[in-house]
>>> print(open('entry.cif').read())   # mmCIF, C-alpha atoms; chains and numbers go by the auth columns
data_target
loop_
_atom_site.group_PDB
_atom_site.id
_atom_site.type_symbol
_atom_site.label_atom_id
_atom_site.label_comp_id
_atom_site.label_asym_id
_atom_site.label_seq_id
_atom_site.Cartn_x
_atom_site.Cartn_y
_atom_site.Cartn_z
_atom_site.B_iso_or_equiv
_atom_site.auth_seq_id
_atom_site.auth_asym_id
ATOM 1 C CA MET A 1 -191.507 39.326 -25.172 0.00 1 I
ATOM 2 C CA LYS A 2 -191.606 36.149 -27.297 0.00 2 I
ATOM 3 C CA ILE A 3 -189.243 33.311 -26.439 0.00 3 I
ATOM 4 C CA ILE A 4 -189.185 29.810 -27.895 0.00 4 I
ATOM 5 C CA ILE A 5 -187.510 26.716 -26.519 0.00 5 I
ATOM 6 C CA ILE A 6 -186.377 24.339 -29.254 0.00 6 I
ATOM 7 C CA ASN A 7 -185.357 20.842 -28.206 0.00 7 I
ATOM 8 C CA GLY A 8 -183.645 18.250 -30.362 0.00 8 I
ATOM 9 C CA PRO A 9 -183.620 14.472 -30.517 0.00 9 I
ATOM 10 C CA ASN A 10 -184.623 12.250 -27.619 0.00 10 I
ATOM 11 C CA LEU A 11 -185.526 15.165 -25.355 0.00 11 I
ATOM 12 C CA ASN A 12 -189.155 14.112 -25.758 0.00 12 I
ATOM 13 C CA LEU A 13 -188.153 11.221 -23.473 0.00 13 I
ATOM 14 C CA LEU A 14 -187.171 13.411 -20.511 0.00 14 I
ATOM 15 C CA GLY A 15 -188.458 11.888 -17.301 0.00 15 I
ATOM 16 C CA LYS A 16 -188.021 8.387 -18.729 0.00 16 I
ATOM 17 C CA ARG A 17 -184.610 8.509 -20.399 0.00 17 I
ATOM 18 C CA GLU A 18 -181.519 8.020 -18.239 0.00 18 I
ATOM 19 C CA PRO A 19 -182.909 9.751 -15.133 0.00 19 I
ATOM 20 C CA GLU A 20 -179.474 9.624 -13.488 0.00 20 I
ATOM 21 C CA ILE A 21 -178.307 12.132 -16.140 0.00 21 I
ATOM 22 C CA TYR A 22 -181.490 13.973 -17.127 0.00 22 I
ATOM 23 C CA GLY A 23 -183.693 13.709 -14.039 0.00 23 I
ATOM 24 C CA SER A 24 -187.144 12.230 -13.602 0.00 24 I
ATOM 25 C CA LEU A 25 -189.292 15.244 -14.494 0.00 25 I
ATOM 26 C CA SER A 26 -190.943 15.288 -17.917 0.00 26 I
ATOM 27 C CA PHE A 27 -190.267 18.351 -20.056 0.00 27 I
ATOM 28 C CA ASP A 28 -193.987 19.054 -20.380 0.00 28 I
ATOM 29 C CA THR A 29 -194.339 19.249 -16.588 0.00 29 I
ATOM 30 C CA PHE A 30 -191.261 21.472 -16.342 0.00 30 I
ATOM 31 C CA PHE A 31 -192.430 23.672 -19.228 0.00 31 I
ATOM 32 C CA ASN A 32 -195.885 24.211 -17.738 0.00 32 I
ATOM 33 C CA GLY A 33 -194.278 25.325 -14.468 0.00 33 I
ATOM 34 C CA LEU A 34 -191.950 27.679 -16.338 0.00 34 I
ATOM 35 C CA LYS A 35 -194.901 29.245 -18.172 0.00 35 I
ATOM 36 C CA ARG A 36 -196.744 29.789 -14.875 0.00 36 I
ATOM 37 C CA LYS A 37 -193.682 31.318 -13.205 0.00 37 I
ATOM 38 C CA TYR A 38 -193.008 33.676 -16.133 0.00 38 I
ATOM 39 C CA SER A 39 -196.608 34.400 -17.134 0.00 39 I
ATOM 40 C CA SER A 40 -195.717 37.854 -18.492 0.00 40 I
ATOM 41 C CA VAL A 41 -193.511 36.241 -21.169 0.00 41 I
ATOM 42 C CA GLU A 42 -194.913 34.474 -24.213 0.00 42 I
ATOM 43 C CA ILE A 43 -193.012 31.183 -24.112 0.00 43 I
ATOM 44 C CA SER A 44 -193.532 28.479 -26.710 0.00 44 I
ATOM 45 C CA TYR A 45 -191.968 25.078 -27.139 0.00 45 I
ATOM 46 C CA TYR A 46 -190.974 22.962 -30.101 0.00 46 I
ATOM 47 C CA GLN A 47 -189.294 19.553 -30.137 0.00 47 I
ATOM 48 C CA SER A 48 -188.172 17.417 -33.064 0.00 48 I
ATOM 49 C CA ASN A 49 -186.043 14.357 -33.555 0.00 49 I
ATOM 50 C CA ILE A 50 -185.397 15.466 -37.151 0.00 50 I
ATOM 51 C CA GLU A 51 -182.500 17.788 -37.987 0.00 51 I
ATOM 52 C CA GLY A 52 -184.182 19.494 -40.951 0.00 52 I
ATOM 53 C CA GLU A 53 -187.279 20.291 -38.918 0.00 53 I
ATOM 54 C CA ILE A 54 -185.134 22.029 -36.292 0.00 54 I
ATOM 55 C CA ILE A 55 -183.438 24.073 -39.018 0.00 55 I
ATOM 56 C CA SER A 56 -186.830 25.005 -40.502 0.00 56 I
ATOM 57 C CA LYS A 57 -188.122 26.084 -37.075 0.00 57 I
ATOM 58 C CA LEU A 58 -185.020 28.226 -36.467 0.00 58 I
ATOM 59 C CA GLN A 59 -185.554 29.920 -39.834 0.00 59 I
ATOM 60 C CA GLU A 60 -189.276 30.381 -39.130 0.00 60 I
ATOM 61 C CA VAL A 61 -188.823 32.148 -35.770 0.00 61 I
ATOM 62 C CA GLY A 62 -185.309 33.505 -36.183 0.00 62 I
ATOM 63 C CA PHE A 63 -186.302 36.951 -37.414 0.00 63 I
ATOM 64 C CA SER A 64 -189.393 37.650 -35.316 0.00 64 I
ATOM 65 C CA TYR A 65 -188.852 36.263 -31.797 0.00 65 I
ATOM 66 C CA ASP A 66 -186.946 38.015 -29.018 0.00 66 I
ATOM 67 C CA GLY A 67 -184.975 34.933 -28.030 0.00 67 I
ATOM 68 C CA ILE A 68 -184.403 31.264 -28.760 0.00 68 I
ATOM 69 C CA ILE A 69 -183.336 28.718 -26.150 0.00 69 I
ATOM 70 C CA LEU A 70 -181.858 25.831 -28.107 0.00 70 I
ATOM 71 C CA ASN A 71 -180.962 22.393 -26.833 0.00 71 I
ATOM 72 C CA ALA A 72 -180.039 20.634 -30.062 0.00 72 I
ATOM 73 C CA ALA A 73 -179.044 17.562 -28.022 0.00 73 I
ATOM 74 C CA ALA A 74 -176.849 15.183 -30.047 0.00 74 I
ATOM 75 C CA TYR A 75 -177.140 17.451 -33.108 0.00 75 I
ATOM 76 C CA THR A 76 -175.068 19.993 -31.190 0.00 76 I
ATOM 77 C CA HIS A 77 -172.026 17.858 -31.871 0.00 77 I
ATOM 78 C CA THR A 78 -172.805 16.765 -35.433 0.00 78 I
ATOM 79 C CA SER A 79 -174.913 19.341 -37.266 0.00 79 I
ATOM 80 C CA VAL A 80 -173.123 21.957 -39.291 0.00 80 I
ATOM 81 C CA GLY A 81 -176.577 22.765 -40.717 0.00 81 I
ATOM 82 C CA ILE A 82 -178.052 23.758 -37.341 0.00 82 I
ATOM 83 C CA GLY A 83 -174.933 25.783 -36.566 0.00 83 I
ATOM 84 C CA ASP A 84 -175.283 27.570 -39.904 0.00 84 I
ATOM 85 C CA ALA A 85 -178.984 28.247 -39.249 0.00 85 I
ATOM 86 C CA VAL A 86 -178.139 29.864 -35.895 0.00 86 I
ATOM 87 C CA LYS A 87 -175.550 32.009 -37.684 0.00 87 I
ATOM 88 C CA ALA A 88 -178.026 33.020 -40.407 0.00 88 I
ATOM 89 C CA ILE A 89 -180.809 34.331 -38.161 0.00 89 I
ATOM 90 C CA THR A 90 -181.013 37.590 -36.217 0.00 90 I
ATOM 91 C CA THR A 91 -182.793 36.373 -33.080 0.00 91 I
ATOM 92 C CA PRO A 92 -180.256 35.690 -30.317 0.00 92 I
ATOM 93 C CA VAL A 93 -179.821 32.028 -29.366 0.00 93 I
ATOM 94 C CA ILE A 94 -178.770 30.653 -26.000 0.00 94 I
ATOM 95 C CA GLU A 95 -177.384 27.118 -26.279 0.00 95 I
ATOM 96 C CA VAL A 96 -178.542 24.971 -23.374 0.00 96 I
ATOM 97 C CA HIS A 97 -177.631 21.509 -22.141 0.00 97 I
ATOM 98 C CA ILE A 98 -179.117 19.688 -19.179 0.00 98 I
ATOM 99 C CA SER A 99 -175.954 17.732 -18.398 0.00 99 I
ATOM 100 C CA ASN A 100 -172.401 19.009 -18.245 0.00 100 I
ATOM 101 C CA THR A 101 -171.307 17.935 -21.708 0.00 101 I
ATOM 102 C CA PHE A 102 -167.643 18.403 -20.756 0.00 102 I
ATOM 103 C CA ALA A 103 -167.980 15.749 -18.057 0.00 103 I
ATOM 104 C CA ARG A 104 -169.211 13.235 -20.614 0.00 104 I
ATOM 105 C CA GLU A 105 -167.793 11.528 -23.704 0.00 105 I
ATOM 106 C CA SER A 106 -165.172 13.535 -25.598 0.00 106 I
ATOM 107 C CA PHE A 107 -167.295 13.831 -28.752 0.00 107 I
ATOM 108 C CA ARG A 108 -169.751 15.912 -26.695 0.00 108 I
ATOM 109 C CA HIS A 109 -167.072 18.562 -26.115 0.00 109 I
ATOM 110 C CA GLN A 110 -167.489 19.907 -29.688 0.00 110 I
ATOM 111 C CA SER A 111 -170.410 22.214 -30.529 0.00 111 I
ATOM 112 C CA PHE A 112 -171.309 23.552 -33.947 0.00 112 I
ATOM 113 C CA ILE A 113 -173.761 25.951 -32.269 0.00 113 I
ATOM 114 C CA SER A 114 -171.544 27.624 -29.651 0.00 114 I
ATOM 115 C CA PRO A 115 -169.559 29.853 -32.046 0.00 115 I
ATOM 116 C CA ASN A 116 -172.801 31.487 -33.185 0.00 116 I
ATOM 117 C CA ALA A 117 -174.737 31.539 -29.906 0.00 117 I
ATOM 118 C CA LYS A 118 -175.196 34.559 -27.664 0.00 118 I
ATOM 119 C CA GLY A 119 -174.258 32.333 -24.721 0.00 119 I
ATOM 120 C CA ILE A 120 -174.091 28.786 -23.401 0.00 120 I
ATOM 121 C CA ILE A 121 -175.571 27.293 -20.234 0.00 121 I
ATOM 122 C CA ILE A 122 -174.698 23.697 -19.402 0.00 122 I
ATOM 123 C CA GLY A 123 -174.932 21.301 -16.523 0.00 123 I
ATOM 124 C CA PHE A 124 -177.684 22.752 -14.337 0.00 124 I
ATOM 125 C CA GLY A 125 -180.353 20.215 -15.196 0.00 125 I
ATOM 126 C CA LEU A 126 -183.671 21.614 -16.343 0.00 126 I
ATOM 127 C CA LYS A 127 -182.768 24.810 -14.461 0.00 127 I
ATOM 128 C CA SER A 128 -180.479 25.542 -17.448 0.00 128 I
ATOM 129 C CA TYR A 129 -183.584 26.550 -19.437 0.00 129 I
ATOM 130 C CA GLU A 130 -184.745 28.952 -16.746 0.00 130 I
ATOM 131 C CA LEU A 131 -181.277 30.502 -16.524 0.00 131 I
ATOM 132 C CA ALA A 132 -181.349 31.020 -20.296 0.00 132 I
ATOM 133 C CA LEU A 133 -184.803 32.596 -20.057 0.00 133 I
ATOM 134 C CA GLN A 134 -183.617 34.929 -17.311 0.00 134 I
ATOM 135 C CA SER A 135 -180.740 36.056 -19.539 0.00 135 I
ATOM 136 C CA PHE A 136 -183.304 37.448 -21.992 0.00 136 I
ATOM 137 C CA LEU A 137 -185.304 39.311 -19.322 0.00 137 I
#
>>> encode(input="entry.cif", output="structure tokens")
Amino acid sequence: MKIIIINGPNLNLLGKREPEIYGSLSFDTFFNGLKRKYSSVEISYYQSNIEGEIISKLQEVGFSYDGIILNAAAYTHTSVGIGDAVKAITTPVIEVHISNTFARESFRHQSFISPNAKGIIIGFGLKSYELALQSFL
């Protein structure tokens, strides 16, 4: 089974950025632990701060992988293009958010990805990624 985690803008700063919201663990440390725990699954990771690169990655893997775990971060609420890319591909996508977006600013309540995602997991910290992975297993 091939799964990819795709993270959007500013998630490269996990562990440093607003630890009261996002925690103090870096994504690389979390990801390495996830790979060890699920060693029978081929899990890869991609992060970009650039909207077009995220769209290109979705198109690249969206017909050959078994699952995509997507945290588009702020682009969730602004990018029709990423939403359209999720709609265009055949690989199922689970939308993930570390924080509970509905407990935050009102603009974060809108998602252009949700209508085209297989499911949504929000508010469980980094555990949200593992829950998404488990949904594919």
>>> resolve_selection(input="entry.cif", expression="the PyMOL selection byres ((chain I and resi 6) around 7)", output="list in words")
Ile4, Ile5, Asn7, Gly8, Tyr45, Tyr46, Gln47, Ile69, Leu70 and Asn71 of chain I
>>> atom_distance(input="entry.cif", atom1="CA of Ser64 (chain I)", atom2="CA of Ser99 (chain I)")
29.4 Å
>>> resolve_selection(input="entry.cif", expression="the PyMOL selection byres ((chain I and resi 115) around 12)", output="PyMOL selection string")
chain I and resi 76+80+82-87+93-95+110-114+116-120
>>> closest_residue(input="entry.cif", among="I:Tyr38, I:Phe30, I:Lys16, I:Gln59", to="Ser128 (chain I)", atoms="only C-alpha atoms")
I:Phe30
>>> atom_distance(input="entry.cif", atom1="CA of Leu25 (chain I)", atom2="CA of Ser56 (chain I)")
27.9 Å
>>> atom_distance(input="entry.cif", atom1="CA of Glu105 (chain I)", atom2="CA of Ala88 (chain I)")
29.1 Å
>>> resolve_selection(input="entry.cif", expression="the PyMOL selection byres ((chain I and resi 48) around 10)", output="mmCIF file with C-alpha atoms, keeping the file's coordinate frame")
data_model
loop_
_atom_site.group_PDB
_atom_site.id
_atom_site.type_symbol
_atom_site.label_atom_id
_atom_site.label_comp_id
_atom_site.auth_asym_id
_atom_site.auth_seq_id
_atom_site.Cartn_x
_atom_site.Cartn_y
_atom_site.Cartn_z
ATOM 1 C CA ILE I 6 -186.377 24.339 -29.254
ATOM 2 C CA ASN I 7 -185.357 20.842 -28.206
ATOM 3 C CA GLY I 8 -183.645 18.250 -30.362
ATOM 4 C CA PRO I 9 -183.620 14.472 -30.517
ATOM 5 C CA ASN I 10 -184.623 12.250 -27.619
ATOM 6 C CA LEU I 11 -185.526 15.165 -25.355
ATOM 7 C CA ASN I 12 -189.155 14.112 -25.758
ATOM 8 C CA TYR I 46 -190.974 22.962 -30.101
ATOM 9 C CA GLN I 47 -189.294 19.553 -30.137
ATOM 10 C CA ASN I 49 -186.043 14.357 -33.555
ATOM 11 C CA ILE I 50 -185.397 15.466 -37.151
ATOM 12 C CA GLU I 51 -182.500 17.788 -37.987
ATOM 13 C CA GLY I 52 -184.182 19.494 -40.951
ATOM 14 C CA GLU I 53 -187.279 20.291 -38.918
ATOM 15 C CA ILE I 54 -185.134 22.029 -36.292
ATOM 16 C CA LYS I 57 -188.122 26.084 -37.075
ATOM 17 C CA ALA I 72 -180.039 20.634 -30.062
#
>>> residues_around(input="entry.cif", residues="Leu14 (chain I)", least_positions_apart="4", cutoff="8 Å", atoms="only C-alpha atoms", output="count of residues only")
8
>>> closest_residue(input="entry.cif", among="I:Val41, I:Ile68, I:Leu34, I:Val96", to="Leu137 (chain I)", atoms="all atoms listed in the file")
I:Val41
>>> residues_around(input="entry.cif", residues="Gly62 (chain I)", least_positions_apart="3", cutoff="7 Å", atoms="only C-alpha atoms", output="list in words")
Leu58, Gln59, Tyr65, Ile89, Thr90 and Thr91 of chain I
>>> closest_residue(input="entry.cif", among="I:Lys127, I:Arg17, I:Lys2, I:His77", to="Ile43 (chain I)", atoms="all atoms listed in the file")
I:Lys2
